[in-house]
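Note: the block below is run24.pdb and it holds PDB, C-alpha atoms.
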ATOM      1  CA  MET A 173     -18.698 -38.399 -76.124
ATOM      2  CA  ASN A 174     -19.653 -41.624 -77.902
ATOM      3  CA  ARG A 175     -16.228 -41.633 -79.545
ATOM      4  CA  ILE A 176     -14.499 -42.038 -76.166
ATOM      5  CA  ALA A 177     -13.261 -45.599 -75.869
ATOM      6  CA  ALA A 178     -13.516 -47.550 -72.614
ATOM      7  CA  VAL A 179     -10.427 -47.722 -70.413
ATOM      8  CA  ASP A 180      -9.495 -49.596 -67.292
ATOM      9  CA  GLY A 181     -11.240 -48.635 -64.071
ATOM     10  CA  ILE A 182      -9.576 -46.362 -61.557
ATOM     11  CA  HIS A 183      -8.280 -47.536 -58.192
ATOM     12  CA  ARG A 184      -6.642 -44.992 -55.933
ATOM     13  CA  ARG A 185      -7.005 -43.702 -52.377
ATOM     14  CA  TYR A 186      -7.746 -40.151 -53.518
ATOM     15  CA  LEU A 187     -10.131 -41.101 -56.262
ATOM     16  CA  HIS A 188     -11.165 -37.615 -57.308
ATOM     17  CA  ASP A 189      -7.512 -36.644 -57.947
ATOM     18  CA  GLU A 190      -7.042 -39.598 -60.291
ATOM     19  CA  VAL A 191     -10.345 -38.837 -62.025
ATOM     20  CA  ALA A 192      -9.282 -35.193 -62.432
ATOM     21  CA  GLU A 193      -6.016 -36.325 -63.999
ATOM     22  CA  ARG A 194      -7.772 -38.610 -66.482
ATOM     23  CA  LEU A 195     -10.334 -35.955 -67.349
ATOM     24  CA  ARG A 196      -7.577 -33.387 -67.790
ATOM     25  CA  GLU A 197      -5.871 -35.701 -70.277
ATOM     26  CA  LEU A 198      -9.072 -35.993 -72.313
ATOM     27  CA  ILE A 199      -9.321 -32.210 -72.533
ATOM     28  CA  LEU A 200      -5.674 -31.492 -73.304
ATOM     29  CA  SER A 201      -5.515 -34.236 -75.934
ATOM     30  CA  GLY A 202      -8.522 -32.762 -77.703
ATOM     31  CA  GLU A 203     -10.739 -35.789 -77.167
ATOM     32  CA  LEU A 204     -13.072 -33.431 -75.347
ATOM     33  CA  GLU A 205     -13.370 -30.247 -77.380
ATOM     34  CA  PRO A 206     -13.954 -26.621 -76.322
ATOM     35  CA  ARG A 207     -17.571 -25.974 -75.270
ATOM     36  CA  GLU A 208     -18.402 -29.709 -75.300
ATOM     37  CA  ARG A 209     -20.768 -30.756 -72.527
ATOM     38  CA  ILE A 210     -19.504 -33.257 -69.963
ATOM     39  CA  ASN A 211     -21.562 -36.452 -70.111
ATOM     40  CA  GLU A 212     -21.369 -37.664 -66.523
ATOM     41  CA  ILE A 213     -23.093 -40.989 -67.168
ATOM     42  CA  GLU A 214     -20.675 -42.013 -69.921
ATOM     43  CA  LEU A 215     -17.611 -40.892 -67.980
ATOM     44  CA  CYS A 216     -18.726 -42.764 -64.869
ATOM     45  CA  GLU A 217     -19.131 -45.908 -66.962
ATOM     46  CA  ARG A 218     -15.759 -45.377 -68.606
ATOM     47  CA  PHE A 219     -13.892 -44.897 -65.343
ATOM     48  CA  GLY A 220     -15.947 -47.379 -63.331
ATOM     49  CA  ILE A 221     -16.844 -44.845 -60.655
ATOM     50  CA  SER A 222     -19.841 -43.152 -59.079
ATOM     51  CA  ARG A 223     -20.833 -39.550 -59.780
ATOM     52  CA  THR A 224     -19.418 -38.233 -56.487
ATOM     53  CA  PRO A 225     -15.691 -38.459 -57.367
ATOM     54  CA  LEU A 226     -16.435 -37.311 -60.915
ATOM     55  CA  ARG A 227     -18.174 -34.189 -59.678
ATOM     56  CA  GLU A 228     -15.297 -33.499 -57.285
ATOM     57  CA  ALA A 229     -12.913 -33.823 -60.229
ATOM     58  CA  ILE A 230     -15.056 -31.445 -62.281
ATOM     59  CA  LYS A 231     -14.785 -28.850 -59.505
ATOM     60  CA  ILE A 232     -10.991 -29.196 -59.531
ATOM     61  CA  LEU A 233     -10.766 -28.641 -63.278
ATOM     62  CA  ALA A 234     -13.182 -25.734 -63.050
ATOM     63  CA  THR A 235     -10.749 -23.957 -60.714
ATOM     64  CA  GLU A 236      -8.042 -24.507 -63.350
ATOM     65  CA  GLY A 237     -10.216 -22.988 -66.053
ATOM     66  CA  LEU A 238     -10.356 -26.209 -68.074
ATOM     67  CA  LEU A 239     -14.060 -26.665 -67.359
ATOM     68  CA  GLU A 240     -16.939 -24.244 -66.978
ATOM     69  CA  LEU A 241     -19.691 -24.976 -64.472
ATOM     70  CA  LEU A 242     -23.195 -24.426 -65.842
ATOM     71  CA  PRO A 243     -25.922 -23.545 -63.312
ATOM     72  CA  ASN A 244     -28.081 -26.653 -62.845
ATOM     73  CA  ARG A 245     -26.766 -28.024 -66.164
ATOM     74  CA  GLY A 246     -23.497 -29.734 -65.291
ATOM     75  CA  ALA A 247     -20.280 -28.572 -66.946
ATOM     76  CA  ARG A 248     -18.636 -28.063 -70.310
ATOM     77  CA  VAL A 249     -15.090 -27.774 -71.589
ATOM     78  CA  GLY A 250     -13.797 -24.248 -71.252
ATOM     79  CA  HIS A 251     -13.227 -21.890 -74.167
ATOM     80  CA  VAL A 252     -10.491 -19.281 -74.340
ATOM     81  CA  SER A 253     -11.206 -15.965 -76.041
ATOM     82  CA  GLN A 254      -8.717 -14.080 -78.205
ATOM     83  CA  SER A 255      -8.097 -11.464 -75.518
ATOM     84  CA  GLU A 256      -7.480 -14.202 -72.942
ATOM     85  CA  ILE A 257      -5.050 -15.949 -75.287
ATOM     86  CA  GLU A 258      -3.111 -12.723 -75.797
ATOM     87  CA  GLU A 259      -2.912 -12.159 -72.047
ATOM     88  CA  MET A 260      -1.953 -15.738 -71.213
ATOM     89  CA  ILE A 261       0.645 -16.014 -73.973
ATOM     90  CA  GLU A 262       2.354 -12.906 -72.611
ATOM     91  CA  VAL A 263       2.430 -14.306 -69.074
ATOM     92  CA  VAL A 264       3.543 -17.768 -70.207
ATOM     93  CA  ALA A 265       6.320 -16.126 -72.234
ATOM     94  CA  GLY A 266       7.511 -14.343 -69.109
ATOM     95  CA  LEU A 267       7.358 -17.494 -66.998
ATOM     96  CA  GLU A 268       9.277 -19.572 -69.527
ATOM     97  CA  ALA A 269      11.867 -16.816 -69.987
ATOM     98  CA  THR A 270      12.394 -16.760 -66.223
ATOM     99  CA  ALA A 271      12.651 -20.554 -66.174
ATOM    100  CA  ALA A 272      15.233 -20.431 -68.964
ATOM    101  CA  GLU A 273      17.415 -18.007 -67.046
ATOM    102  CA  LEU A 274      17.151 -20.044 -63.851
ATOM    103  CA  ALA A 275      17.797 -23.307 -65.691
ATOM    104  CA  CYS A 276      21.106 -22.038 -67.000
ATOM    105  CA  ARG A 277      22.280 -21.731 -63.402
ATOM    106  CA  SER A 278      21.348 -25.216 -62.272
ATOM    107  CA  ILE A 279      20.857 -27.566 -65.222
ATOM    108  CA  THR A 280      23.139 -30.578 -65.443
ATOM    109  CA  ASP A 281      25.045 -31.726 -68.512
ATOM    110  CA  ALA A 282      22.900 -34.873 -68.564
ATOM    111  CA  GLU A 283      19.709 -32.794 -68.677
ATOM    112  CA  ILE A 284      21.125 -30.709 -71.508
ATOM    113  CA  ASP A 285      22.001 -33.916 -73.349
ATOM    114  CA  VAL A 286      18.367 -35.027 -73.119
ATOM    115  CA  ILE A 287      17.034 -31.709 -74.412
ATOM    116  CA  GLU A 288      19.551 -31.678 -77.261
ATOM    117  CA  ALA A 289      18.602 -35.239 -78.196
ATOM    118  CA  LYS A 290      14.909 -34.362 -78.223
ATOM    119  CA  THR A 291      15.657 -31.292 -80.334
ATOM    120  CA  MET A 292      17.461 -33.424 -82.924
ATOM    121  CA  ILE A 293      14.629 -35.971 -83.005
ATOM    122  CA  MET A 294      12.131 -33.127 -83.287
ATOM    123  CA  GLU A 295      14.045 -31.739 -86.257
ATOM    124  CA  LYS A 296      13.786 -35.111 -87.989
ATOM    125  CA  ALA A 297      10.024 -35.075 -87.357
ATOM    126  CA  TYR A 298       9.902 -31.549 -88.806
ATOM    127  CA  LYS A 299      11.761 -32.598 -91.955
ATOM    128  CA  ARG A 300       9.414 -35.513 -92.628
ATOM    129  CA  GLY A 301       6.316 -33.435 -91.801
ATOM    130  CA  ASP A 302       5.370 -35.533 -88.768
ATOM    131  CA  GLU A 303       3.348 -32.941 -86.851
ATOM    132  CA  ALA A 304       2.168 -35.276 -84.072
ATOM    133  CA  SER A 305       5.706 -36.303 -83.097
ATOM    134  CA  TYR A 306       6.976 -32.751 -83.516
ATOM    135  CA  PHE A 307       4.369 -31.253 -81.215
ATOM    136  CA  THR A 308       4.868 -33.956 -78.557
ATOM    137  CA  LEU A 309       8.629 -33.407 -78.483
ATOM    138  CA  ASN A 310       8.126 -29.651 -78.533
ATOM    139  CA  ARG A 311       6.014 -29.846 -75.381
ATOM    140  CA  GLU A 312       8.481 -32.190 -73.684
ATOM    141  CA  ILE A 313      11.365 -29.803 -74.348
ATOM    142  CA  HIS A 314       9.553 -26.821 -72.878
ATOM    143  CA  GLU A 315       8.515 -28.864 -69.844
ATOM    144  CA  ALA A 316      12.090 -30.114 -69.362
ATOM    145  CA  LEU A 317      13.368 -26.541 -69.402
ATOM    146  CA  MET A 318      10.792 -25.574 -66.785
ATOM    147  CA  GLN A 319      11.778 -28.539 -64.620
ATOM    148  CA  ALA A 320      15.462 -27.626 -64.898
ATOM    149  CA  ALA A 321      14.700 -24.222 -63.342
ATOM    150  CA  ARG A 322      14.334 -25.978 -59.972
ATOM    151  CA  ASN A 323      11.589 -23.608 -58.845
ATOM    152  CA  ALA A 324       8.417 -25.325 -57.610
ATOM    153  CA  THR A 325       6.449 -22.078 -57.285
ATOM    154  CA  LEU A 326       7.240 -21.052 -60.842
ATOM    155  CA  ALA A 327       6.394 -24.530 -62.139
ATOM    156  CA  SER A 328       3.056 -24.558 -60.317
ATOM    157  CA  ILE A 329       1.961 -21.180 -61.693
ATOM    158  CA  TYR A 330       3.115 -22.189 -65.166
ATOM    159  CA  SER A 331       1.287 -25.515 -65.084
ATOM    160  CA  ASN A 332      -2.015 -24.009 -63.992
ATOM    161  CA  LEU A 333      -1.903 -21.280 -66.627
ATOM    162  CA  SER A 334      -0.404 -23.081 -69.615
ATOM    163  CA  SER A 335      -2.814 -26.012 -69.293
ATOM    164  CA  ARG A 336      -5.615 -23.741 -70.519
ATOM    165  CA  ILE A 337      -3.930 -23.177 -73.869
ATOM    166  CA  GLN A 338      -1.744 -26.288 -74.083
ATOM    167  CA  ARG A 339      -3.724 -28.055 -76.787
ATOM    168  CA  MET A 340      -3.923 -24.947 -78.968
ATOM    169  CA  ARG A 341      -0.305 -24.063 -78.343
ATOM    170  CA  TYR A 342       1.130 -27.405 -79.407
ATOM    171  CA  THR A 343      -1.276 -28.412 -82.167
ATOM    172  CA  ALA A 344      -1.955 -25.147 -83.989
ATOM    173  CA  HIS A 345      -0.871 -25.509 -87.614
ATOM    174  CA  LYS A 346       1.874 -23.169 -88.743
ATOM    175  CA  THR A 347       2.662 -21.901 -92.205
ATOM    176  CA  PRO A 348       5.841 -23.473 -93.641
ATOM    177  CA  GLU A 349       7.748 -20.297 -92.807
ATOM    178  CA  GLN A 350       6.446 -20.161 -89.235
ATOM    179  CA  TRP A 351       7.273 -23.820 -88.703
ATOM    180  CA  ARG A 352      10.801 -23.371 -90.078
ATOM    181  CA  ARG A 353      11.373 -20.352 -87.866
ATOM    182  CA  ALA A 354      10.107 -22.209 -84.791
ATOM    183  CA  MET A 355      12.495 -25.088 -85.509
ATOM    184  CA  ASP A 356      15.381 -22.651 -86.000
ATOM    185  CA  GLU A 357      14.564 -21.060 -82.648
ATOM    186  CA  HIS A 358      14.653 -24.441 -80.937
ATOM    187  CA  ARG A 359      18.124 -25.099 -82.346
ATOM    188  CA  ILE A 360      19.294 -21.731 -81.027
ATOM    189  CA  MET A 361      17.690 -22.454 -77.656
ATOM    190  CA  ALA A 362      19.620 -25.728 -77.378
ATOM    191  CA  GLU A 363      22.880 -23.939 -78.233
ATOM    192  CA  LEU A 364      22.299 -21.178 -75.679
ATOM    193  CA  LEU A 365      21.363 -23.733 -73.049
ATOM    194  CA  ARG A 366      24.594 -25.645 -73.648
ATOM    195  CA  ALA A 367      26.487 -22.347 -73.311
ATOM    196  CA  ARG A 368      24.450 -21.594 -70.186
ATOM    197  CA  ASP A 369      23.691 -18.140 -71.560
ATOM    198  CA  GLY A 370      20.705 -17.348 -69.370
ATOM    199  CA  GLU A 371      20.098 -13.843 -70.668
ATOM    200  CA  GLY A 372      20.273 -14.858 -74.308
ATOM    201  CA  LEU A 373      18.134 -17.955 -73.809
ATOM    202  CA  ALA A 374      15.488 -15.995 -71.910
ATOM    203  CA  ARG A 375      15.248 -13.488 -74.767
ATOM    204  CA  VAL A 376      14.868 -16.186 -77.439
ATOM    205  CA  VAL A 377      12.340 -18.164 -75.394
ATOM    206  CA  ARG A 378      10.199 -15.078 -74.764
ATOM    207  CA  ASP A 379      10.090 -14.193 -78.463
ATOM    208  CA  HIS A 380       9.471 -17.850 -79.363
ATOM    209  CA  ILE A 381       6.391 -18.040 -77.134
ATOM    210  CA  ARG A 382       5.060 -14.675 -78.224
ATOM    211  CA  GLY A 383       5.272 -15.846 -81.821
ATOM    212  CA  LYS A 384       2.642 -18.497 -81.113
ATOM    213  CA  LYS A 385      -0.120 -15.960 -80.536
ATOM    214  CA  ASP A 386      -0.857 -15.294 -84.200
ATOM    215  CA  VAL A 387      -0.564 -19.001 -85.023
ATOM    216  CA  ILE A 388      -3.156 -19.923 -82.410
ATOM    217  CA  THR A 389      -5.505 -17.131 -83.427
ATOM    218  CA  ALA A 390      -5.337 -18.089 -87.103
ATOM    219  CA  ALA A 391      -5.741 -21.813 -86.415
ATOM    220  CA  TYR A 392      -8.672 -21.637 -84.022
ATOM    221  CA  GLY A 393     -10.385 -18.457 -85.122
ATOM    222  CA  VAL A 394     -10.666 -17.115 -81.586
TER     223      VAL A 394
END
Mind turning the file's structure into structure tokens?
Amino acid sequence: MNRIAAVDGIHRRYLHDEVAERLRELILSGELEPRERINEIELCERFGISRTPLREAIKILATEGLLELLPNRGARVGHVSQSEIEEMIEVVAGLEATAAELACRSITDAEIDVIEAKTMIMEKAYKRGDEASYFTLNREIHEALMQAARNATLASIYSNLSSRIQRMRYTAHKTPEQWRRAMDEHRIMAELLRARDGEGLARVVRDHIRGKKDVITAAYGV
């Protein structure tokens, strides 16, 4: 926790929601690592808050599975087992496939333009080996596809589930062949989206997500 730099204080009516959002960012970015204990004193100093809103935020993230509550010992960052990853990847694949099919019915040309542009920029990042930019754009593309589905219930379920494996999903290192195949799949996804081929896009998206399971397992040894 000593490596966490100070940031501006938090000012918001619903303080615990803002604290939960900031804490969630620390977990998903990897600044707080799996199984790491939550240092309440340091976080309170960092955010400029008392322990009450922090503890409320911890409860929120515990319900999302991002944190684990320890009896009389505070909380720690959650850890996902291999069996849980396999189960969640399968569900996320189904959710994203459904979103892809729905998106093809309602997405606008302007939204497709944005996704295509991000795909081209992501390909440039791939070619120069810029993993950080690649993974950021990758996440943004998948989130844009989910948003284009225009289904709040689907998006809510997806957000709560995918947040538990988001860091592993988008930062796991691939072999050169796996990375090339993932980039090829994104090109195909953009083409199918432009054609508004919901069935074809759903099939490619489902296989694309399922392909991440072995990458995550190999990278994190879970």
Target residues per the PyMOL selection byres ((chain A and resi 295-312) around 10), formatted as a PDB file with C-alpha atoms, keeping the file's coordinate frame:
ATOM      1  CA  ILE A 287      17.034 -31.709 -74.412  1.00  0.00           C
ATOM      2  CA  ALA A 289      18.602 -35.239 -78.196  1.00  0.00           C
ATOM      3  CA  LYS A 290      14.909 -34.362 -78.223  1.00  0.00           C
ATOM      4  CA  THR A 291      15.657 -31.292 -80.334  1.00  0.00           C
ATOM      5  CA  MET A 292      17.461 -33.424 -82.924  1.00  0.00           C
ATOM      6  CA  ILE A 293      14.629 -35.971 -83.005  1.00  0.00           C
ATOM      7  CA  MET A 294      12.131 -33.127 -83.287  1.00  0.00           C
ATOM      8  CA  ILE A 313      11.365 -29.803 -74.348  1.00  0.00           C
ATOM      9  CA  HIS A 314       9.553 -26.821 -72.878  1.00  0.00           C
ATOM     10  CA  GLU A 315       8.515 -28.864 -69.844  1.00  0.00           C
ATOM     11  CA  ALA A 316      12.090 -30.114 -69.362  1.00  0.00           C
ATOM     12  CA  LEU A 317      13.368 -26.541 -69.402  1.00  0.00           C
ATOM     13  CA  MET A 318      10.792 -25.574 -66.785  1.00  0.00           C
ATOM     14  CA  GLN A 338      -1.744 -26.288 -74.083  1.00  0.00           C
ATOM     15  CA  ARG A 339      -3.724 -28.055 -76.787  1.00  0.00           C
ATOM     16  CA  ARG A 341      -0.305 -24.063 -78.343  1.00  0.00           C
ATOM     17  CA  TYR A 342       1.130 -27.405 -79.407  1.00  0.00           C
ATOM     18  CA  THR A 343      -1.276 -28.412 -82.167  1.00  0.00           C
ATOM     19  CA  ALA A 344      -1.955 -25.147 -83.989  1.00  0.00           C
ATOM     20  CA  HIS A 345      -0.871 -25.509 -87.614  1.00  0.00           C
ATOM     21  CA  TRP A 351       7.273 -23.820 -88.703  1.00  0.00           C
ATOM     22  CA  ARG A 352      10.801 -23.371 -90.078  1.00  0.00           C
ATOM     23  CA  ALA A 354      10.107 -22.209 -84.791  1.00  0.00           C
ATOM     24  CA  MET A 355      12.495 -25.088 -85.509  1.00  0.00           C
ATOM     25  CA  ASP A 356      15.381 -22.651 -86.000  1.00  0.00           C
ATOM     26  CA  HIS A 358      14.653 -24.441 -80.937  1.00  0.00           C
ATOM     27  CA  ARG A 359      18.124 -25.099 -82.346  1.00  0.00           C
TER      28      ARG A 359
END
With only C-alpha atoms as the counted atoms, please give the residues lying no more than 9 Å from Arg227 (chain A), apart from itself and same-chain residues fewer than 3 positions off, as a ChimeraX atom specification. /A:188,212,223-224,230-232,246
Find, counting all atoms listed in the file, the residue in A:Glu288, A:Glu268, A:Glu208, A:Glu371 that gets nearest to Leu242 (chain A).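 Ranked by minimum distance to Leu242 (chain A), first place goes to A:Glu208.
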Step by step, gather every atom of region 258-276 of chain A that the file lists, find the box along x, y and z that holds them, add 4 Å on each side, and finally give centre and edge lengths in Å to one decimal, as AutoDock Vina command-line options.
--center_x 9.0 --center_y -17.7 --center_z -69.8 --size_x 32.2 --size_y 19.1 --size_z 19.9
I'd like the interatomic distance between CA of Val249 (chain A) and CA of Asp386 (chain A), to a tenth of an Å. 22.7 Å
Picked residues, the PyMOL selection byres ((chain A and resi 200) around 9), expected as a PyMOL selection string: chain A and resi 195-199+201-205+238+335-340
On this file, the PyMOL selection byres ((chain A and resi 363) around 12) gives some set of residues; write that set as a PyMOL selection string. chain A and resi 276+284-285+287-288+291-292+356-362+364-370+372-373+376
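Of note, CA of Ala265 (chain A) and CA of Glu240 (chain A) are spaced 25.2 Å apart.
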Between A:Ala321, A:Ile388, A:Ile210, A:Ala247, which residue has the minimum interatomic distance to Ala271 (chain A), considering only C-alpha atoms? A:Ala321
In Å and to one decimal, CA of Gln254 (chain A) is distant from CA of Ile381 (chain A) by 15.7 Å
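Minimum atom-to-atom distance to Gly250 (chain A), evaluated using all atoms listed in the file, belongs to A:Ala234 out of A:Asp189, A:Ala234, A:Val263, A:Val286.
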Counting all atoms listed in the file, the option among A:Leu187, A:Arg322, A:Arg194, A:Val387 closest to Arg218 (chain A): A:Arg194
With all atoms listed in the file as the counted atoms, please give the residues lying no more than 10 Å from Arg378 (chain A), apart from itself and same-chain residues fewer than 3 positions off, as a tab-separated table (two decimals) with C-alpha atoms, in the frame of the given file.
chain	number	residue	atom	x	y	z
A	261	ILE	CA	0.64	-16.01	-73.97
A	262	GLU	CA	2.35	-12.91	-72.61
A	263	VAL	CA	2.43	-14.31	-69.07
A	264	VAL	CA	3.54	-17.77	-70.21
A	265	ALA	CA	6.32	-16.13	-72.23
A	266	GLY	CA	7.51	-14.34	-69.11
A	267	LEU	CA	7.36	-17.49	-67.00
A	268	GLU	CA	9.28	-19.57	-69.53
A	269	ALA	CA	11.87	-16.82	-69.99
A	270	THR	CA	12.39	-16.76	-66.22
A	272	ALA	CA	15.23	-20.43	-68.96
A	373	LEU	CA	18.13	-17.95	-73.81
A	374	ALA	CA	15.49	-16.00	-71.91
A	375	ARG	CA	15.25	-13.49	-74.77
A	381	ILE	CA	6.39	-18.04	-77.13
A	382	ARG	CA	5.06	-14.68	-78.22
A	383	GLY	CA	5.27	-15.85	-81.82
Output of region 293-366 of chain A limited to C-alpha atoms, as a short mmCIF file (atom, residue, chain, number, x, y, z; two decimals), in the first residue's frame:
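Written output follows (out18.cif):
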data_model
loop_
_atom_site.label_atom_id
_atom_site.label_comp_id
_atom_site.auth_asym_id
_atom_site.auth_seq_id
_atom_site.Cartn_x
_atom_site.Cartn_y
_atom_site.Cartn_z
CA ILE A 293 -5.69 2.00 -33.58
CA MET A 294 -5.55 -1.22 -31.58
CA GLU A 295 -4.00 -3.01 -34.56
CA LYS A 296 -1.28 -0.36 -34.71
CA ALA A 297 -0.61 -0.92 -31.00
CA TYR A 298 -0.45 -4.67 -31.68
CA LYS A 299 2.07 -4.22 -34.49
CA ARG A 300 4.40 -2.10 -32.36
CA GLY A 301 4.01 -4.40 -29.34
CA ASP A 302 2.32 -1.75 -27.18
CA GLU A 303 0.44 -4.03 -24.79
CA ALA A 304 -0.86 -1.28 -22.49
CA SER A 305 -2.56 0.62 -25.33
CA TYR A 306 -3.77 -2.60 -26.92
CA PHE A 307 -5.44 -3.86 -23.76
CA THR A 308 -7.07 -0.47 -23.04
CA LEU A 309 -8.55 -0.27 -26.53
CA ASN A 310 -9.58 -3.91 -26.36
CA ARG A 311 -11.61 -3.24 -23.22
CA GLU A 312 -13.15 -0.10 -24.70
CA ILE A 313 -14.30 -1.99 -27.79
CA HIS A 314 -15.98 -4.73 -25.79
CA GLU A 315 -17.66 -2.15 -23.55
CA ALA A 316 -18.85 -0.17 -26.59
CA LEU A 317 -20.41 -3.31 -28.05
CA MET A 318 -22.19 -3.96 -24.76
CA GLN A 319 -23.46 -0.38 -24.65
CA ALA A 320 -24.73 -0.63 -28.23
CA ALA A 321 -26.97 -3.55 -27.20
CA ARG A 322 -29.26 -1.02 -25.48
CA ASN A 323 -30.13 -3.44 -22.69
CA ALA A 324 -29.62 -2.07 -19.17
CA THR A 325 -30.32 -5.41 -17.47
CA LEU A 326 -27.77 -7.22 -19.59
CA ALA A 327 -25.20 -4.47 -19.04
CA SER A 328 -25.70 -4.55 -15.27
CA ILE A 329 -25.24 -8.32 -15.01
CA TYR A 330 -22.21 -8.13 -17.30
CA SER A 331 -20.59 -5.32 -15.33
CA ASN A 332 -20.96 -7.04 -11.98
CA LEU A 333 -19.56 -10.33 -13.26
CA SER A 334 -16.82 -9.19 -15.63
CA SER A 335 -15.35 -6.79 -13.07
CA ARG A 336 -14.09 -9.80 -11.09
CA ILE A 337 -11.86 -10.95 -13.94
CA GLN A 338 -11.37 -7.67 -15.82
CA ARG A 339 -7.74 -7.14 -14.86
CA MET A 340 -6.77 -10.71 -15.71
CA ARG A 341 -8.80 -10.69 -18.89
CA TYR A 342 -7.24 -7.58 -20.37
CA THR A 343 -3.67 -7.85 -19.10
CA ALA A 344 -2.91 -11.56 -19.38
CA HIS A 345 0.06 -12.03 -21.71
CA LYS A 346 -0.61 -14.04 -24.84
CA THR A 347 1.78 -16.06 -26.94
CA PRO A 348 2.52 -14.39 -30.31
CA GLU A 349 0.11 -16.79 -31.99
CA GLN A 350 -2.67 -16.16 -29.47
CA TRP A 351 -2.21 -12.41 -29.77
CA ARG A 352 -2.30 -12.56 -33.58
CA ARG A 353 -5.44 -14.68 -33.51
CA ALA A 354 -7.14 -12.30 -31.06
CA MET A 355 -6.34 -9.35 -33.33
CA ASP A 356 -7.66 -11.24 -36.36
CA GLU A 357 -10.88 -11.95 -34.47
CA HIS A 358 -11.31 -8.28 -33.67
CA ARG A 359 -10.99 -7.40 -37.36
CA ILE A 360 -13.65 -9.99 -38.20
CA MET A 361 -15.87 -8.66 -35.41
CA ALA A 362 -15.67 -5.14 -36.85
CA GLU A 363 -16.58 -6.46 -40.32
CA LEU A 364 -19.56 -8.45 -39.03
CA LEU A 365 -20.74 -5.48 -37.00
CA ARG A 366 -20.64 -3.25 -40.08
#
